[in-house]
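Following: one structure in structure tokens, then a few remarks.
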Amino acid sequence: LLATGQDYHLEPVSGWPQSSLQLGQVSGLALDSDSNLVIFHRGDHHWGTNSFNNQARYQQRSLGPIQQSTILVVDPAKGNILKASGRNMFYLPHGITTDKENNYWVTDVALHQVLKVSNDGRDSTLLALGEAFTPGSDSRHFCQPTDVAVDPETGDIFVSDGYCNARILRFSAGGRYLSEWGAGSSDRRRRVPFQVPHSLVFLPDRREVCVADRENGRIQCFIAETGEFVKEIKKEEFGGEVFAITYSPAGEGLIFAVNGESPYHSAPLRGFVINYSTKDILDTFKPNKKEFKMPHDIVETRDGSVFVGDAGSKSVFKFTTEKSHRSV
Ligand SMILES: O=C(N[C@@H](O)C(=O)O)c1ccccc1
């Protein structure tokens with residue numbers, strides 16, 4: 001019998017980018033419709049222990065918005081900057097994604113907002129959800145929202161909200177509130193709420209939304225239409241924290257994830273390639289010269305390259321695949 005278990009092997013690419021991108025804390029990565037890499041970073045702003053008071057209100061408004069270009073479009077092959085925008089708009093960038101028209105959808109944890117921004121370099125805010133600098137948990141306020149995912153068919157957007165909320169919200173492309181849901185569980189009695197829904201991804205072939213439930217060290221997936229719980233992926237190898245995920249429909253579906261430092265488990269920081277259907281870990285990866293410090297977002301390009309943005313080392317790491325087919 002020829003069972004080809006598709007082995008995955010990601011190798012770090014040294015010498016990428018070819019020249020320094022002068023990045024601040026890298027919080028988000030996305031791909032645009034030309035499969036260029038989009039980097040969302042914090043310039044000279046930092047999220048530190050005194051950035052917020054205990055009502056989750058941002059304490060450094062006096063700094064003004066970041067003056068550097070916070071949104072960089074970069075050539076995935078060499079890493080040179082193709083476009084730079086997002087100046088004087090953001091305070092603490094977090095998540096970023098693009099829609100079919102190549103608009104940027106971003107979250108800013110200091111603004112507690114989700115913003116749709118034009119990609120024409122004019123940085124027009126096409127839509128703003130949430131009230132600037134005002135945390136809350138109704139349908140018009142977020143609390144440190146972390147990420148956005150877009151359903152390419154309907155244009156619906158999904159928001160992971162957030163550090164100080166524990167929910168996913170669904171809006172129409174025009175920003176009308178549609179629904180929200182919390183963590184799921186296969187055992188209804190023991191529903192453990194999300195603890196920092198930190199990253200989310202839309203699965204176009206399955207029409208599901210998967211969430212990195214960071215402090216619970218698990219990934220949960222839901223039917224996008226209804227919020228109905230589908231499955232959970234939780235691995236000892238994560239070591240207690242999952243920071244970010246992305247998805248490829250290739251094969252039976254692949255989830256790419258990065259883990260985080262957990263005070264309770266000492267697990268090495270690395271990336272994971274997981275078979276969505278079987279939940280098997282197919283591969284793990286990490287840089288070879290520098291170490292991950294706080295891997296914060298992850299994307300995969302059409303040619304199979306994987307990029308990891310690191311908020312701790314203020315850098316982006318590139319990995320490439322050598323797919324090998326093993327016959328048994
Ligand atoms: O998680 C944190 N930050 C990262 O996720 C990030 O920088 O987005 C953080 C939490 C509390 C205080 C300071 C930083």
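As shown in the structure tokens, the chain order sets the letters A, B, ...; within each chain, residues go from 1, and ligands are also counted from 1 in the order they appear.
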Pick out the residues no farther than 9 Å from ligand 1, counting only C-alpha atoms and all ligand atoms, and list them as a CSV table (one decimal) with all heavy atoms, in the first residue's frame.
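Output file part-v6.csv follows:
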```csv
chain,number,residue,atom,x,y,z
A,25,GLN,N,8.4,46.9,17.8
A,25,GLN,CA,7.8,45.6,18.1
A,25,GLN,C,6.8,45.2,17.0
A,25,GLN,O,5.9,45.9,16.6
A,25,GLN,CB,6.9,45.8,19.4
A,25,GLN,CG,7.7,46.1,20.7
A,25,GLN,CD,6.9,46.2,21.9
A,25,GLN,OE1,5.8,46.8,21.8
A,25,GLN,NE2,7.3,45.7,23.0
A,26,VAL,N,7.1,44.0,16.4
A,26,VAL,CA,6.3,43.5,15.3
A,26,VAL,C,5.0,42.8,15.9
A,26,VAL,O,5.2,41.9,16.6
A,26,VAL,CB,7.0,42.6,14.4
A,26,VAL,CG1,6.1,42.0,13.3
A,26,VAL,CG2,8.3,43.3,13.8
A,27,SER,N,3.9,43.4,15.6
A,27,SER,CA,2.7,42.8,16.3
A,27,SER,C,1.9,42.0,15.3
A,27,SER,O,1.3,41.0,15.7
A,27,SER,CB,1.8,44.0,16.8
A,27,SER,OG,1.4,44.8,15.8
A,28,GLY,N,1.9,42.4,14.0
A,28,GLY,CA,1.0,41.7,13.1
A,28,GLY,C,1.6,41.5,11.7
A,28,GLY,O,2.4,42.3,11.3
A,46,HIS,N,6.1,51.2,22.7
A,46,HIS,CA,6.3,49.9,23.3
A,46,HIS,C,5.1,49.6,24.1
A,46,HIS,O,4.6,50.5,24.8
A,46,HIS,CB,7.5,49.8,24.1
A,46,HIS,CG,8.8,49.9,23.4
A,46,HIS,ND1,9.3,51.1,22.9
A,46,HIS,CD2,9.7,49.0,22.9
A,46,HIS,CE1,10.4,50.9,22.3
A,46,HIS,NE2,10.7,49.6,22.2
A,47,TRP,N,4.7,48.3,24.2
A,47,TRP,CA,3.6,47.9,25.1
A,47,TRP,C,4.4,47.4,26.3
A,47,TRP,O,5.0,46.3,26.3
A,47,TRP,CB,2.7,46.8,24.6
A,47,TRP,CG,1.6,46.4,25.5
A,47,TRP,CD1,1.5,46.8,26.8
A,47,TRP,CD2,0.5,45.6,25.2
A,47,TRP,NE1,0.4,46.3,27.4
A,47,TRP,CE2,-0.2,45.5,26.4
A,47,TRP,CE3,0.1,44.9,24.1
A,47,TRP,CZ2,-1.4,44.8,26.5
A,47,TRP,CZ3,-1.1,44.2,24.2
A,47,TRP,CH2,-1.8,44.1,25.4
A,48,GLY,N,4.4,48.2,27.4
A,48,GLY,CA,5.1,47.8,28.6
A,48,GLY,C,4.1,47.6,29.8
A,48,GLY,O,2.9,47.8,29.6
A,49,THR,N,4.6,47.3,31.0
A,49,THR,CA,3.7,47.0,32.1
A,49,THR,C,3.0,48.3,32.5
A,49,THR,O,1.9,48.2,33.2
A,49,THR,CB,4.6,46.5,33.3
A,49,THR,OG1,5.7,47.4,33.4
A,49,THR,CG2,5.0,45.1,33.0
A,50,ASN,N,3.5,49.5,32.2
A,50,ASN,CA,2.7,50.7,32.6
A,50,ASN,C,2.0,51.4,31.5
A,50,ASN,O,1.6,52.6,31.6
A,50,ASN,CB,3.7,51.7,33.3
A,50,ASN,CG,4.9,52.0,32.4
A,50,ASN,OD1,4.8,51.6,31.2
A,50,ASN,ND2,5.9,52.6,32.9
A,51,SER,N,1.8,50.6,30.4
A,51,SER,CA,1.1,51.3,29.2
A,51,SER,C,-0.4,51.5,29.5
A,51,SER,O,-1.1,52.3,28.9
A,51,SER,CB,1.2,50.4,28.0
A,51,SER,OG,2.6,50.2,27.7
A,52,PHE,N,-1.0,50.7,30.4
A,52,PHE,CA,-2.4,50.7,30.7
A,52,PHE,C,-2.6,50.8,32.2
A,52,PHE,O,-1.9,50.3,33.0
A,52,PHE,CB,-3.1,49.5,30.2
A,52,PHE,CG,-3.1,49.4,28.7
A,52,PHE,CD1,-2.1,48.8,28.0
A,52,PHE,CD2,-4.2,49.9,27.9
A,52,PHE,CE1,-2.1,48.7,26.6
A,52,PHE,CE2,-4.2,49.9,26.5
A,52,PHE,CZ,-3.1,49.3,25.9
A,92,LEU,N,-0.8,51.7,19.7
A,92,LEU,CA,-0.3,50.4,20.0
A,92,LEU,C,-0.9,49.4,19.0
A,92,LEU,O,-1.9,48.7,19.3
A,92,LEU,CB,-0.5,49.9,21.4
A,92,LEU,CG,0.4,50.4,22.5
A,92,LEU,CD1,0.1,49.9,23.9
A,92,LEU,CD2,1.9,50.1,22.2
A,93,PRO,N,-0.3,49.3,17.7
A,93,PRO,CA,-0.7,48.3,16.8
A,93,PRO,C,-0.8,46.9,17.3
A,93,PRO,O,0.0,46.6,18.2
A,93,PRO,CB,0.3,48.4,15.7
A,93,PRO,CG,0.8,49.8,15.8
A,93,PRO,CD,0.8,50.1,17.2
A,94,HIS,N,-1.8,46.1,16.8
A,94,HIS,CA,-1.8,44.7,17.2
A,94,HIS,C,-2.0,43.8,16.0
A,94,HIS,O,-1.0,43.4,15.5
A,94,HIS,CB,-2.8,44.5,18.3
A,94,HIS,CG,-2.5,43.2,19.1
A,94,HIS,ND1,-2.9,42.0,18.7
A,94,HIS,CD2,-1.8,43.1,20.3
A,94,HIS,CE1,-2.4,41.1,19.6
A,94,HIS,NE2,-1.8,41.7,20.5
A,95,GLY,N,-3.3,43.6,15.6
A,95,GLY,CA,-3.5,42.7,14.5
A,95,GLY,C,-3.7,43.4,13.2
A,95,GLY,O,-4.0,44.5,13.1
A,109,VAL,N,-4.6,48.2,20.3
A,109,VAL,CA,-5.1,47.9,21.7
A,109,VAL,C,-5.2,49.1,22.6
A,109,VAL,O,-5.9,49.2,23.6
A,109,VAL,CB,-4.2,46.8,22.4
A,109,VAL,CG1,-4.4,45.5,21.7
A,109,VAL,CG2,-2.7,47.2,22.4
A,146,THR,N,-7.6,42.2,19.5
A,146,THR,CA,-6.3,41.6,19.1
A,146,THR,C,-6.2,41.4,17.6
A,146,THR,O,-5.1,41.5,17.1
A,146,THR,CB,-6.0,40.3,19.9
A,146,THR,OG1,-7.2,39.4,19.6
A,146,THR,CG2,-5.9,40.5,21.4
A,163,TYR,N,-7.8,41.3,25.0
A,163,TYR,CA,-7.1,41.0,26.2
A,163,TYR,C,-8.0,41.1,27.4
A,163,TYR,O,-8.0,40.3,28.4
A,163,TYR,CB,-5.9,42.0,26.4
A,163,TYR,CG,-4.7,41.7,25.6
A,163,TYR,CD1,-4.7,42.1,24.2
A,163,TYR,CD2,-3.7,40.9,26.1
A,163,TYR,CE1,-3.6,41.8,23.4
A,163,TYR,CE2,-2.6,40.6,25.3
A,163,TYR,CZ,-2.5,41.1,24.0
A,163,TYR,OH,-1.5,40.8,23.2
A,196,VAL,N,-7.6,35.6,26.6
A,196,VAL,CA,-6.9,36.3,25.6
A,196,VAL,C,-7.1,35.6,24.2
A,196,VAL,O,-6.1,35.0,23.8
A,196,VAL,CB,-5.5,36.6,25.9
A,196,VAL,CG1,-4.9,37.6,24.9
A,196,VAL,CG2,-5.3,37.3,27.3
A,198,HIS,N,-6.3,35.7,21.0
A,198,HIS,CA,-5.1,36.6,20.6
A,198,HIS,C,-4.9,36.7,19.1
A,198,HIS,O,-4.3,37.7,18.6
A,198,HIS,CB,-3.8,36.1,21.3
A,198,HIS,CG,-2.7,37.0,21.2
A,198,HIS,ND1,-1.6,36.7,20.4
A,198,HIS,CD2,-2.5,38.1,21.8
A,198,HIS,CE1,-0.7,37.7,20.5
A,198,HIS,NE2,-1.2,38.6,21.4
A,243,PHE,N,0.2,31.9,20.7
A,243,PHE,CA,0.1,33.3,20.4
A,243,PHE,C,-0.6,33.6,19.1
A,243,PHE,O,-1.3,34.6,19.0
A,243,PHE,CB,1.5,33.9,20.4
A,243,PHE,CG,1.9,34.6,21.7
A,243,PHE,CD1,2.0,33.8,22.9
A,243,PHE,CD2,2.2,35.9,21.8
A,243,PHE,CE1,2.3,34.4,24.1
A,243,PHE,CE2,2.6,36.5,23.0
A,243,PHE,CZ,2.6,35.7,24.2
A,294,MET,N,9.5,36.8,21.3
A,294,MET,CA,8.0,36.8,21.5
A,294,MET,C,7.4,36.7,20.1
A,294,MET,O,6.9,37.7,19.5
A,294,MET,CB,7.5,38.1,22.2
A,294,MET,CG,6.0,38.0,22.5
A,294,MET,SD,5.3,39.5,23.1
A,294,MET,CE,5.7,39.5,24.8
A,296,HIS,N,4.8,36.6,17.5
A,296,HIS,CA,3.5,37.3,17.8
A,296,HIS,C,2.5,37.1,16.7
A,296,HIS,O,1.3,37.3,16.9
A,296,HIS,CB,3.8,38.8,18.1
A,296,HIS,CG,2.7,39.4,18.9
A,296,HIS,ND1,1.8,40.1,18.3
A,296,HIS,CD2,2.5,39.4,20.2
A,296,HIS,CE1,0.9,40.6,19.3
A,296,HIS,NE2,1.4,40.1,20.4
A,311,ALA,N,7.5,40.3,18.4
A,311,ALA,CA,7.3,41.5,19.1
A,311,ALA,C,8.5,41.8,20.1
A,311,ALA,O,8.8,42.9,20.4
A,311,ALA,CB,6.0,41.6,19.8
A,312,GLY,N,9.2,40.7,20.4
A,312,GLY,CA,10.2,40.8,21.4
A,312,GLY,C,11.5,41.2,20.7
A,312,GLY,O,12.2,42.1,21.2
```
Contact residues around Gly136 in chain A with only C-alpha atoms at 12 Å, ignoring same-chain residues under 2 positions, as an mmCIF file with N, CA, C and O atoms, in the first residue's frame:
```cif
data_model
loop_
_atom_site.group_PDB
_atom_site.id
_atom_site.type_symbol
_atom_site.label_atom_id
_atom_site.label_comp_id
_atom_site.auth_asym_id
_atom_site.auth_seq_id
_atom_site.Cartn_x
_atom_site.Cartn_y
_atom_site.Cartn_z
ATOM 1 N N GLN A 55 -7.993 49.952 34.596
ATOM 2 C CA GLN A 55 -9.275 49.968 33.866
ATOM 3 C C GLN A 55 -9.017 49.783 32.369
ATOM 4 O O GLN A 55 -9.848 50.129 31.558
ATOM 5 N N ALA A 56 -7.820 49.311 32.043
ATOM 6 C CA ALA A 56 -7.411 49.054 30.647
ATOM 7 C C ALA A 56 -7.402 50.329 29.813
ATOM 8 O O ALA A 56 -7.540 50.296 28.598
ATOM 9 N N ARG A 57 -7.229 51.487 30.486
ATOM 10 C CA ARG A 57 -7.118 52.744 29.723
ATOM 11 C C ARG A 57 -5.654 53.038 29.434
ATOM 12 O O ARG A 57 -4.804 52.975 30.325
ATOM 13 N N LEU A 111 -6.171 52.212 21.257
ATOM 14 C CA LEU A 111 -7.411 52.844 20.771
ATOM 15 C C LEU A 111 -8.635 51.993 21.088
ATOM 16 O O LEU A 111 -9.758 52.511 21.077
ATOM 17 N N HIS A 112 -8.424 50.680 21.350
ATOM 18 C CA HIS A 112 -9.571 49.747 21.530
ATOM 19 C C HIS A 112 -10.466 49.785 20.292
ATOM 20 O O HIS A 112 -11.703 49.701 20.395
ATOM 21 N N GLN A 113 -9.836 49.891 19.114
ATOM 22 C CA GLN A 113 -10.623 50.001 17.892
ATOM 23 C C GLN A 113 -10.173 48.999 16.830
ATOM 24 O O GLN A 113 -9.010 48.537 16.851
ATOM 25 N N LEU A 129 -14.527 50.845 14.044
ATOM 26 C CA LEU A 129 -15.422 50.176 15.004
ATOM 27 C C LEU A 129 -14.824 50.355 16.389
ATOM 28 O O LEU A 129 -13.602 50.266 16.553
ATOM 29 N N GLY A 130 -15.698 50.626 17.390
ATOM 30 C CA GLY A 130 -15.198 50.894 18.732
ATOM 31 C C GLY A 130 -14.995 52.391 18.889
ATOM 32 O O GLY A 130 -14.952 53.128 17.900
ATOM 33 N N GLU A 131 -14.901 52.839 20.140
ATOM 34 C CA GLU A 131 -14.750 54.276 20.429
ATOM 35 C C GLU A 131 -13.325 54.518 20.882
ATOM 36 O O GLU A 131 -12.849 53.874 21.824
ATOM 37 N N ALA A 132 -12.621 55.464 20.226
ATOM 38 C CA ALA A 132 -11.193 55.688 20.481
ATOM 39 C C ALA A 132 -10.913 55.835 21.981
ATOM 40 O O ALA A 132 -11.603 56.565 22.702
ATOM 41 N N PHE A 133 -9.908 55.076 22.417
ATOM 42 C CA PHE A 133 -9.410 55.115 23.797
ATOM 43 C C PHE A 133 -10.449 54.715 24.841
ATOM 44 O O PHE A 133 -10.239 54.954 26.042
ATOM 45 N N THR A 134 -11.572 54.116 24.406
ATOM 46 C CA THR A 134 -12.661 53.828 25.351
ATOM 47 C C THR A 134 -12.968 52.340 25.396
ATOM 48 O O THR A 134 -13.659 51.823 24.496
ATOM 49 N N ASP A 138 -19.738 46.103 24.987
ATOM 50 C CA ASP A 138 -21.030 45.963 24.294
ATOM 51 C C ASP A 138 -20.737 45.813 22.794
ATOM 52 O O ASP A 138 -19.599 45.530 22.411
ATOM 53 N N SER A 139 -21.742 46.023 21.956
ATOM 54 C CA SER A 139 -21.529 45.749 20.520
ATOM 55 C C SER A 139 -20.840 46.924 19.839
ATOM 56 O O SER A 139 -20.532 46.854 18.648
ATOM 57 N N ARG A 140 -20.573 48.010 20.619
ATOM 58 C CA ARG A 140 -19.936 49.179 19.994
ATOM 59 C C ARG A 140 -18.614 49.518 20.679
ATOM 60 O O ARG A 140 -18.035 50.582 20.419
ATOM 61 N N HIS A 141 -18.153 48.651 21.568
ATOM 62 C CA HIS A 141 -16.876 48.883 22.255
ATOM 63 C C HIS A 141 -16.118 47.563 22.358
ATOM 64 O O HIS A 141 -16.732 46.513 22.540
ATOM 65 N N PHE A 142 -14.792 47.664 22.259
ATOM 66 C CA PHE A 142 -13.932 46.500 22.464
ATOM 67 C C PHE A 142 -13.027 46.794 23.659
ATOM 68 O O PHE A 142 -12.961 47.943 24.136
ATOM 69 N N CYS A 143 -12.339 45.735 24.099
ATOM 70 C CA CYS A 143 -11.323 45.971 25.151
ATOM 71 C C CYS A 143 -10.044 45.283 24.701
ATOM 72 O O CYS A 143 -9.922 44.072 24.748
ATOM 73 N N GLN A 144 -9.102 46.106 24.220
ATOM 74 C CA GLN A 144 -7.835 45.663 23.637
ATOM 75 C C GLN A 144 -8.067 44.547 22.597
ATOM 76 O O GLN A 144 -7.612 43.419 22.760
ATOM 77 N N PRO A 145 -8.781 44.890 21.516
ATOM 78 C CA PRO A 145 -9.038 43.899 20.469
ATOM 79 C C PRO A 145 -7.728 43.466 19.840
ATOM 80 O O PRO A 145 -6.818 44.265 19.623
ATOM 81 N N ASP A 161 -11.732 39.701 20.528
ATOM 82 C CA ASP A 161 -11.794 40.786 21.533
ATOM 83 C C ASP A 161 -11.800 40.141 22.903
ATOM 84 O O ASP A 161 -12.841 39.628 23.332
ATOM 85 N N GLY A 162 -10.740 40.199 23.455
ATOM 86 C CA GLY A 162 -9.450 40.822 23.324
ATOM 87 C C GLY A 162 -8.714 40.506 24.603
ATOM 88 O O GLY A 162 -8.983 39.489 25.272
ATOM 89 N N TYR A 163 -7.790 41.295 24.968
ATOM 90 C CA TYR A 163 -7.073 41.014 26.234
ATOM 91 C C TYR A 163 -8.028 41.113 27.420
ATOM 92 O O TYR A 163 -7.974 40.347 28.366
ATOM 93 N N CYS A 164 -8.919 42.132 27.374
ATOM 94 C CA CYS A 164 -9.791 42.343 28.551
ATOM 95 C C CYS A 164 -11.255 42.030 28.224
ATOM 96 O O CYS A 164 -12.158 42.482 28.891
ATOM 97 N N ASN A 165 -11.495 41.293 27.140
ATOM 98 C CA ASN A 165 -12.792 40.655 26.888
ATOM 99 C C ASN A 165 -12.475 39.224 26.483
ATOM 100 O O ASN A 165 -11.295 38.859 26.399
ATOM 101 N N ALA A 166 -13.522 38.412 26.265
ATOM 102 C CA ALA A 166 -13.247 36.993 25.971
ATOM 103 C C ALA A 166 -14.248 36.513 24.922
ATOM 104 O O ALA A 166 -15.019 35.578 25.170
#
```
Quick one: residues within 9 Å of Pro204 in chain A, only C-alpha atoms, excluding same-chain residues fewer than 2 positions away - as number ranges by chain? A: 151-153, 202, 206-209, 249
Write out as number ranges by chain which residues come within 12 Å of Phe40 in chain A when counting only C-alpha atoms, dropping same-chain ones fewer than 3 positions away. A: 21, 23-31, 37, 43, 66, 68-74, 84-87, 90-98, 104-108, 147, 296-298, 308-311, 314-316
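Across A:Asn103, A:Ser20, A:Asn216, A:Asn288, the tightest approach to Asn80 in chain A is made by A:Ser20 when counting only C-alpha atoms.
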CA of Phe272 in chain A to CA of Thr284 in chain A: how many Å, to one decimal?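 So the two atoms, CA of Phe272 in chain A and CA of Thr284 in chain A, lie 4.4 Å apart.
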Given only C-alpha atoms, how would the per-residue table for range 118-193 of chain A near range 226-238 of chain A read, listing every residue at most 7 Å away with its closest atom pair and distance in Å to one decimal, sorted by chain and number, as a tab-separated table?
```
residue	atom	partner	partner_atom	distance
A:Trp181	CA	A:Gly227	CA	6.1
A:Gly184	CA	A:Phe229	CA	5.1
A:Ser185	CA	A:Phe229	CA	6.8
```
Can you tell me how far CA of Ala257 in chain A sits from CA of Asp32 in chain A, in Å to one decimal?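 So the two atoms, CA of Ala257 in chain A and CA of Asp32 in chain A, lie 19.9 Å apart.
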Name the residues of range 180-223 of chain A that come out as helix (DSSP H, G or I) in a backbone DSSP run; write them as a ChimeraX atom specification. /A:188-190,214-216
Serialized selection, C-alpha atoms, as a compact mmCIF listing (two decimals), in the first residue's frame:
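Saved to selection_2.txt:
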```txt
# COMPACT_ATOMS: atom_id res chain seq x y z
CA ARG A 188 -20.98 21.73 27.67
CA ARG A 189 -20.78 21.61 31.47
CA ARG A 190 -17.09 22.45 31.53
CA ARG A 214 -3.55 32.32 24.12
CA GLU A 215 -3.48 31.84 27.89
CA ASN A 216 -5.45 28.59 27.64
```
Counting only C-alpha atoms, the residue among A:Val159, A:Gly175, A:Gln22, A:Val306 that lies closest to Arg42 in chain A is A:Gln22
Could you tell me how far CA of Asp156 in chain A lies from CA of Ser33 in chain A, in Å and to one decimal?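 Here the two named atoms are 17.7 Å from each other.
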Compare A:Ala250, A:Arg170, A:Phe256, A:Gly271 by their minimum atom-to-atom distance to Ile223 in chain A, counting only C-alpha atoms, and give me the closest one. A:Arg170
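Take the candidates A:Tyr58, A:Phe171, A:Phe194, A:Tyr177 and check each one against Pro135 in chain A using only C-alpha atoms; the shortest distance goes to A:Tyr58.
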Between A:Glu241, A:Asp280, A:Asp123, A:Asp34, which has the minimum distance to Ser262 in chain A (counting only C-alpha atoms)?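 Of A:Glu241, A:Asp280, A:Asp123, A:Asp34, the one nearest Ser262 in chain A is A:Glu241, counting only C-alpha atoms.
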Between A:Gly155, A:Gly240, A:Gly251, A:Pro193, which one has atoms that come closest to Asp7 in chain A, using only C-alpha atoms? A:Gly251
Applying 9 Å and only C-alpha atoms, which residues near Glu11 in chain A remain after dropping the ones on its own chain fewer than 3 positions away? List them as a VMD selection string. chain A and resid 285 to 288 318 to 322
Residues from the last selection, N, CA and C atoms, saved as a CSV table (one decimal), in the first residue's frame:
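Heads up, here's the output in selection08.csv:
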```
chain,number,residue,atom,x,y,z
A,285,PHE,N,9.5,24.3,14.1
A,285,PHE,CA,10.6,25.1,13.5
A,285,PHE,C,10.9,26.3,14.3
A,286,LYS,N,12.2,26.7,14.2
A,286,LYS,CA,12.6,27.9,14.9
A,286,LYS,C,13.8,28.5,14.2
A,287,PRO,N,14.2,29.8,14.5
A,287,PRO,CA,15.3,30.4,13.7
A,287,PRO,C,16.6,29.6,14.1
A,288,ASN,N,17.7,29.7,13.3
A,288,ASN,CA,18.9,29.0,13.7
A,288,ASN,C,19.9,30.0,14.4
A,318,LYS,N,11.9,34.4,8.3
A,318,LYS,CA,11.4,33.7,7.1
A,318,LYS,C,11.8,32.2,7.2
A,319,PHE,N,10.9,31.3,6.8
A,319,PHE,CA,11.1,29.9,6.7
A,319,PHE,C,10.6,29.4,5.4
A,320,THR,N,11.3,28.4,4.8
A,320,THR,CA,10.8,27.8,3.6
A,320,THR,C,10.6,26.3,3.7
A,321,THR,N,9.8,25.7,2.8
A,321,THR,CA,9.5,24.3,3.0
A,321,THR,C,10.4,23.4,2.1
A,322,GLU,N,10.6,22.2,2.5
A,322,GLU,CA,11.1,21.2,1.6
A,322,GLU,C,10.1,20.1,1.8
```
If you run DSSP on this backbone, which residues of range 15-150 of chain A come out as strand (DSSP E), and could you give them as a PyMOL selection string? chain A and resi 26-31+37-41+71-74+81-85+93-98+104-108+113-117+125-129+145-150
